[in-house]
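> Structure file my_file18.pdb (PDB, C-alpha atoms) is given on the next line.
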ATOM      1  CA  ASN A   1    -145.611  53.580 -74.463
ATOM      2  CA  ALA A   2    -147.842  56.568 -75.116
ATOM      3  CA  LEU A   3    -146.760  58.413 -71.989
ATOM      4  CA  GLN A   4    -143.118  58.080 -72.943
ATOM      5  CA  ALA A   5    -143.897  59.384 -76.413
ATOM      6  CA  PHE A   6    -145.628  62.419 -74.929
ATOM      7  CA  VAL A   7    -143.176  63.444 -72.241
ATOM      8  CA  CYS A   8    -139.947  62.641 -74.044
ATOM      9  CA  LEU A   9    -140.019  65.973 -75.863
ATOM     10  CA  ARG A  10    -141.393  68.014 -72.951
ATOM     11  CA  CYS A  11    -138.655  68.169 -70.338
ATOM     12  CA  ALA A  12    -135.556  66.515 -68.945
ATOM     13  CA  CYS A  13    -137.249  65.775 -65.597
ATOM     14  CA  CYS A  14    -139.959  63.588 -67.109
ATOM     15  CA  ARG A  15    -137.410  61.857 -69.329
ATOM     16  CA  ASP A  16    -135.287  60.984 -66.306
ATOM     17  CA  VAL A  17    -138.292  59.459 -64.512
ATOM     18  CA  LEU A  18    -138.978  57.226 -67.503
ATOM     19  CA  GLY A  19    -135.329  56.399 -68.139
ATOM     20  CA  ILE A  20    -135.288  58.152 -71.515
ATOM     21  CA  ARG A  21    -131.986  59.576 -72.693
ATOM     22  CA  GLY A  22    -131.220  62.270 -75.199
ATOM     23  CA  ASN A  23    -130.281  65.943 -75.418
ATOM     24  CA  THR A  24    -133.260  67.460 -77.261
ATOM     25  CA  THR A  25    -135.007  68.524 -74.047
ATOM     26  CA  THR A  26    -135.776  71.482 -71.901
ATOM     27  CA  SER A  27    -136.095  71.692 -68.132
ATOM     28  CA  HIS A  28    -139.263  72.096 -66.090
ATOM     29  CA  HIS A  29    -137.628  75.116 -64.528
ATOM     30  CA  ALA A  30    -136.966  76.678 -67.913
ATOM     31  CA  GLU A  31    -140.701  76.641 -68.690
ATOM     32  CA  PRO A  32    -142.730  79.329 -66.874
ATOM     33  CA  ARG A  33    -145.926  77.325 -67.410
ATOM     34  CA  VAL A  34    -147.509  74.550 -69.401
ATOM     35  CA  THR A  35    -148.372  76.109 -72.730
ATOM     36  CA  GLY A  36    -150.502  73.544 -74.489
ATOM     37  CA  ARG A  37    -150.666  70.125 -76.035
ATOM     38  CA  GLN A  38    -148.708  68.285 -78.657
ATOM     39  CA  VAL A  39    -149.611  65.475 -80.998
ATOM     40  CA  VAL A  40    -147.578  62.306 -80.675
ATOM     41  CA  GLN A  41    -147.266  59.512 -83.203
ATOM     42  CA  VAL A  42    -146.392  56.119 -81.741
ATOM     43  CA  ARG A  43    -146.316  52.490 -82.761
ATOM     44  CA  PRO A  44    -149.461  50.494 -82.024
ATOM     45  CA  ARG A  45    -149.468  48.802 -78.591
ATOM     46  CA  SER A  46    -152.358  46.458 -79.306
ATOM     47  CA  VAL A  47    -154.268  44.889 -82.137
ATOM     48  CA  GLY A  48    -157.064  47.415 -81.650
ATOM     49  CA  MET A  49    -154.847  50.366 -82.562
ATOM     50  CA  SER A  50    -154.212  51.380 -86.115
ATOM     51  CA  THR A  51    -150.798  51.064 -87.722
ATOM     52  CA  GLN A  52    -150.091  54.738 -87.057
ATOM     53  CA  GLN A  53    -151.984  56.067 -84.039
ATOM     54  CA  PHE A  54    -151.853  59.746 -83.154
ATOM     55  CA  LEU A  55    -152.247  60.304 -79.423
ATOM     56  CA  ILE A  56    -153.281  63.705 -78.094
ATOM     57  CA  PRO A  57    -153.034  64.292 -74.317
ATOM     58  CA  PRO A  58    -155.743  66.372 -72.597
ATOM     59  CA  VAL A  59    -155.084  70.033 -71.882
ATOM     60  CA  ASN A  60    -152.677  70.622 -68.971
ATOM     61  CA  PHE A  61    -151.697  66.953 -68.865
ATOM     62  CA  GLY A  62    -148.853  66.041 -66.553
ATOM     63  CA  MET A  63    -147.378  63.125 -64.644
ATOM     64  CA  VAL A  64    -147.489  63.798 -60.895
ATOM     65  CA  GLU A  65    -145.800  60.560 -59.850
ATOM     66  CA  GLU A  66    -145.485  57.121 -61.379
ATOM     67  CA  GLU A  67    -148.974  56.006 -62.524
ATOM     68  CA  LEU A  68    -150.507  59.211 -61.125
ATOM     69  CA  TYR A  69    -151.593  61.778 -63.722
ATOM     70  CA  ARG A  70    -153.376  65.148 -63.902
ATOM     71  CA  SER A  71    -155.102  67.174 -66.608
ATOM     72  CA  GLY A  72    -158.136  69.144 -67.638
ATOM     73  CA  ALA A  73    -161.285  67.437 -68.860
ATOM     74  CA  PRO A  74    -160.606  65.407 -72.020
ATOM     75  CA  ASN A  75    -162.497  65.450 -75.285
ATOM     76  CA  GLU A  76    -162.950  62.638 -77.778
ATOM     77  CA  LEU A  77    -159.562  63.320 -79.399
ATOM     78  CA  ASN A  78    -157.861  62.565 -76.080
ATOM     79  CA  PHE A  79    -159.525  59.217 -75.353
ATOM     80  CA  PRO A  80    -156.992  57.049 -77.260
ATOM     81  CA  PHE A  81    -154.247  58.611 -75.139
ATOM     82  CA  LEU A  82    -156.138  57.980 -71.895
ATOM     83  CA  GLU A  83    -156.841  54.423 -72.986
ATOM     84  CA  SER A  84    -153.107  53.811 -73.360
ATOM     85  CA  LEU A  85    -152.568  54.669 -69.662
ATOM     86  CA  ASN A  86    -154.612  51.625 -68.558
ATOM     87  CA  LEU A  87    -156.322  53.683 -65.867
ATOM     88  CA  LYS A  88    -158.121  52.052 -62.957
ATOM     89  CA  LYS A  89    -159.820  55.212 -61.665
ATOM     90  CA  ILE A  90    -160.456  58.831 -62.680
ATOM     91  CA  ILE A  91    -161.228  61.568 -60.149
ATOM     92  CA  PHE A  92    -163.320  64.458 -61.522
ATOM     93  CA  LEU A  93    -163.013  67.488 -59.228
ATOM     94  CA  ALA A  94    -165.276  69.984 -60.990
ATOM     95  CA  PRO A  95    -168.598  70.636 -59.171
ATOM     96  CA  ASP A  96    -170.693  70.193 -62.317
ATOM     97  CA  ASP A  97    -171.500  66.825 -63.857
ATOM     98  CA  PRO A  98    -168.729  65.094 -65.842
ATOM     99  CA  PRO A  99    -169.092  65.427 -69.627
ATOM    100  CA  ARG A 100    -171.292  62.738 -71.120
ATOM    101  CA  GLN A 101    -168.517  61.647 -73.486
ATOM    102  CA  LEU A 102    -166.220  61.059 -70.489
ATOM    103  CA  VAL A 103    -168.907  59.017 -68.744
ATOM    104  CA  ASN A 104    -169.326  56.905 -71.868
ATOM    105  CA  PHE A 105    -165.562  56.429 -72.157
ATOM    106  CA  VAL A 106    -165.116  55.139 -68.597
ATOM    107  CA  ASP A 107    -168.117  52.832 -68.988
ATOM    108  CA  ASP A 108    -166.661  51.370 -72.171
ATOM    109  CA  HIS A 109    -163.235  50.775 -70.621
ATOM    110  CA  ASP A 110    -164.224  49.589 -67.141
ATOM    111  CA  ILE A 111    -162.714  52.652 -65.416
ATOM    112  CA  GLU A 112    -164.231  53.829 -62.137
ATOM    113  CA  LEU A 113    -165.214  57.516 -62.232
ATOM    114  CA  LEU A 114    -165.238  59.305 -58.869
ATOM    115  CA  HIS A 115    -166.842  62.733 -58.510
ATOM    116  CA  PRO A 116    -165.935  64.292 -55.142
ATOM    117  CA  GLY A 117    -166.350  67.766 -56.623
ATOM    118  CA  GLN A 118    -170.119  67.402 -56.496
ATOM    119  CA  MET A 119    -169.958  67.879 -52.712
ATOM    120  CA  ASP A 120    -168.986  71.523 -53.265
ATOM    121  CA  PHE A 121    -171.967  72.035 -55.552
ATOM    122  CA  GLN A 122    -174.372  70.456 -53.069
ATOM    123  CA  THR A 123    -173.090  72.675 -50.236
ATOM    124  CA  ASN A 124    -173.055  75.776 -52.472
ATOM    125  CA  THR A 125    -169.329  76.388 -51.845
ATOM    126  CA  TRP A 126    -168.119  75.742 -55.408
ATOM    127  CA  SER A 127    -167.569  79.460 -56.123
ATOM    128  CA  LEU A 128    -165.056  79.632 -53.258
ATOM    129  CA  GLY A 129    -162.836  76.955 -54.762
ATOM    130  CA  VAL A 130    -162.293  73.362 -53.749
ATOM    131  CA  SER A 131    -163.349  72.618 -50.166
ATOM    132  CA  GLU A 132    -161.314  70.920 -47.476
ATOM    133  CA  GLU A 133    -163.755  68.011 -47.460
ATOM    134  CA  THR A 134    -163.276  67.478 -51.199
ATOM    135  CA  VAL A 135    -159.482  67.645 -50.863
ATOM    136  CA  LEU A 136    -159.446  65.094 -48.036
ATOM    137  CA  THR A 137    -161.797  62.757 -49.909
ATOM    138  CA  THR A 138    -159.564  62.973 -52.973
ATOM    139  CA  LEU A 139    -156.410  62.382 -50.943
ATOM    140  CA  ASP A 140    -158.001  59.234 -49.489
ATOM    141  CA  VAL A 141    -157.995  57.846 -53.027
ATOM    142  CA  ILE A 142    -154.584  59.204 -54.036
ATOM    143  CA  LEU A 143    -152.822  57.805 -50.969
ATOM    144  CA  ASP A 144    -153.990  54.244 -51.642
ATOM    145  CA  VAL A 145    -151.801  52.621 -54.276
ATOM    146  CA  ARG A 146    -154.505  50.033 -54.939
ATOM    147  CA  ASN A 147    -156.302  52.752 -56.945
ATOM    148  CA  TYR A 148    -153.465  53.129 -59.452
ATOM    149  CA  PRO A 149    -153.043  53.921 -62.319
ATOM    150  CA  LEU A 150    -155.016  57.011 -61.315
ATOM    151  CA  HIS A 151    -155.908  60.239 -63.127
ATOM    152  CA  ILE A 152    -157.038  63.495 -61.472
ATOM    153  CA  MET A 153    -158.837  66.145 -63.500
ATOM    154  CA  CYS A 154    -161.127  69.165 -63.390
ATOM    155  CA  ASN A 155    -162.493  71.329 -66.195
ATOM    156  CA  HIS A 156    -159.176  72.962 -67.131
ATOM    157  CA  GLY A 157    -156.673  71.170 -64.886
ATOM    158  CA  ARG A 158    -155.672  74.416 -63.181
ATOM    159  CA  HIS A 159    -157.264  75.384 -59.887
ATOM    160  CA  ARG A 160    -159.048  72.430 -58.278
ATOM    161  CA  THR A 161    -156.556  69.904 -59.564
ATOM    162  CA  GLY A 162    -153.678  72.244 -58.731
ATOM    163  CA  THR A 163    -154.934  72.759 -55.179
ATOM    164  CA  VAL A 164    -155.229  69.022 -54.522
ATOM    165  CA  ILE A 165    -151.775  68.364 -55.972
ATOM    166  CA  GLY A 166    -150.379  71.224 -53.874
ATOM    167  CA  CYS A 167    -151.749  69.606 -50.715
ATOM    168  CA  LEU A 168    -150.283  66.285 -51.833
ATOM    169  CA  ARG A 169    -146.892  67.958 -52.235
ATOM    170  CA  LYS A 170    -147.143  69.186 -48.632
ATOM    171  CA  LEU A 171    -147.607  65.573 -47.564
ATOM    172  CA  GLN A 172    -144.443  64.811 -49.550
ATOM    173  CA  ARG A 173    -142.667  67.572 -47.582
ATOM    174  CA  TRP A 174    -142.031  69.829 -50.566
ATOM    175  CA  ASN A 175    -141.204  73.410 -49.630
ATOM    176  CA  LEU A 176    -143.836  76.038 -50.439
ATOM    177  CA  THR A 177    -141.695  77.701 -53.095
ATOM    178  CA  SER A 178    -141.595  74.488 -55.134
ATOM    179  CA  ILE A 179    -145.294  73.803 -54.514
ATOM    180  CA  PHE A 180    -146.347  77.230 -55.730
ATOM    181  CA  GLU A 181    -144.018  77.047 -58.727
ATOM    182  CA  GLU A 182    -145.752  73.858 -59.835
ATOM    183  CA  TYR A 183    -149.215  75.305 -59.211
ATOM    184  CA  ARG A 184    -148.424  78.467 -61.196
ATOM    185  CA  ARG A 185    -146.886  76.504 -64.058
ATOM    186  CA  TYR A 186    -150.245  74.865 -64.724
ATOM    187  CA  ALA A 187    -152.432  77.842 -63.780
ATOM    188  CA  GLY A 188    -150.543  80.237 -66.061
ATOM    189  CA  VAL A 189    -151.847  83.784 -65.914
ATOM    190  CA  LYS A 190    -154.944  82.656 -63.974
ATOM    191  CA  VAL A 191    -153.257  82.064 -60.637
ATOM    192  CA  ARG A 192    -155.639  82.347 -57.684
ATOM    193  CA  LEU A 193    -154.061  83.515 -54.443
ATOM    194  CA  LEU A 194    -156.950  81.933 -52.534
ATOM    195  CA  ASN A 195    -155.805  78.521 -53.732
ATOM    196  CA  GLU A 196    -152.225  79.190 -52.698
ATOM    197  CA  GLN A 197    -153.441  80.303 -49.274
ATOM    198  CA  PHE A 198    -155.487  77.100 -48.978
ATOM    199  CA  ILE A 199    -152.395  75.023 -49.746
ATOM    200  CA  GLU A 200    -150.251  76.960 -47.286
ATOM    201  CA  LEU A 201    -152.762  76.546 -44.444
ATOM    202  CA  PHE A 202    -153.688  72.934 -45.227
ATOM    203  CA  ASP A 203    -153.260  70.702 -42.159
ATOM    204  CA  CYS A 204    -151.461  67.541 -43.270
ATOM    205  CA  ASP A 205    -152.480  65.769 -40.064
ATOM    206  CA  LEU A 206    -156.054  65.610 -41.382
ATOM    207  CA  ALA A 207    -155.056  63.296 -44.239
ATOM    208  CA  ARG A 208    -155.640  59.606 -43.515
ATOM    209  CA  ARG A 209    -152.794  57.325 -44.561
ATOM    210  CA  PRO A 210    -153.701  53.711 -45.351
ATOM    211  CA  LYS A 211    -151.273  50.831 -45.040
ATOM    212  CA  THR A 212    -151.045  50.665 -48.838
ATOM    213  CA  VAL A 213    -149.457  54.078 -49.455
ATOM    214  CA  PRO A 214    -147.387  54.639 -52.625
ATOM    215  CA  ALA A 215    -143.656  54.055 -52.338
ATOM    216  CA  TRP A 216    -142.898  57.733 -53.052
ATOM    217  CA  LEU A 217    -144.730  58.999 -49.954
TER     218      LEU A 217
END
Translate this file's structure into C-alpha cells.

Amino acid sequence: NALQAFVCLRCACCRDVLGIRGNTTTSHHAEPRVTGRQVVQVRPRSVGMSTQQFLIPPVNFGMVEEELYRSGAPNELNFPFLESLNLKKIIFLAPDDPPRQLVNFVDDHDIELLHPGQMDFQTNTWSLGVSEETVLTTLDVILDVRNYPLHIMCNHGRHRTGTVIGCLRKLQRWNLTSIFEEYRRYAGVKVRLLNEQFIELFDCDLARRPKTVPAWL
C-alpha cells in the first residue's frame, strides 16, 4: 500500500514493522533527524486512482505504531497519500484553526477532525507550548483503538506533536534517552528544552486507559 511504498526506502525499522525485506535501507539511528519528504510512485489501489499515482507524504510524516501516524499539516499534494491510509480520525494540535483545505478534505472523506489544540488558544497558553489538558485529551483518543487508523498533526509536526508522542512513549515505558532521541529527530535544529522538560515531568498516572487499548500498550 502507500505507506509501504513510502517507508520502504526510509529505514530498516519501518521495513521490519511492515514485513518488507531488502538491503537498500538505512537505520533510524543512523539518521540524526527527519530531513524531508520523498515522492513515491505506486500501483493504483482503487478504481478512483489513476494508472500511475504519485503519493507525497506530509512534512515530518512518520508511523508511530500500527495505524497510528504523525506529521505536520498537509497541503493539497498530500491528500492522495492521506486518503490511502483510510483514516478514521485526525487530531489537529495547533492552537489556530485547521487549514480550510484540510477541513474540506476530511468532510469529503468522512474523517472526523478533532481540534484539542484550540483549548490552548482559548486559555491564552499557546505560546508556552502544548498544555497538560491538551495532552491528556489527545491521549484519551490515542489510547482507544476504536479511533484507529488515527493521524496526529500540528503545523510542522515538531513540537506539539512531538510532545504528545513523547508522553505516549512514557506510557509505553520507553527510557528518556530514546524518547528524546525521537523528539529531536523530528524537531531537528529547533529542539525546545521546555518540551523535553514537559515530557520528563509528565505524570503517566493522569492518563485514562479505556478497556479498548491498543495491543502495543
> Go through A:Arg209, A:Arg185, A:Lys170, A:His159 one by one, measure the shortest atom-to-atom distance of each to Ile142 in chain A using all atoms listed in the file, and give the residue with the smallest value.
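Smallest distance to Ile142 in chain A is found for A:Arg209.
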> For Leu114 in chain A, which residue among A:Phe180, A:Phe92, A:Phe81, A:Trp216 is the nearest when counting all atoms listed in the file?
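Using all atoms listed in the file, the shortest distance to Leu114 in chain A belongs to A:Phe92.
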> In Å to one decimal, how far is CA of Ile199 in chain A from CA of Thr177 in chain A?
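According to the coordinates, CA of Thr177 in chain A and CA of Ile199 in chain A are separated by 11.5 Å.
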> Do you know which residues are at most 7 Å from Pro116 in chain A counting all atoms listed in the file, after dropping those on the same chain fewer than 4 positions away, and could you put them as a ChimeraX atom specification?
/A:92-93,134,137-138
> Determine, counting only C-alpha atoms, which protein, DNA and RNA residues have an atom within 6 Å of an atom of Leu150 in chain A; residues of the same chain fewer than 3 positions away are not included. Present the result as a list in words.
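The residues that qualify are Leu68, Leu87, Lys89 and Ile90 of chain A.
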> Evaluate the PyMOL selection byres ((chain A and resi 160) around 9) here and jot the selected residues down as a PyMOL selection string.
chain A and resi 93-94+117+129-130+135+153-159+161-165+195
> Run the PyMOL selection byres ((chain A and resi 182) around 12) mentally over the shown coordinates, then write out the matched residues as a ChimeraX atom specification, using the chain letters and numbers from the document.
/A:28-29,31-34,60,62-64,158-159,161-169,174-181,183-188,191,196
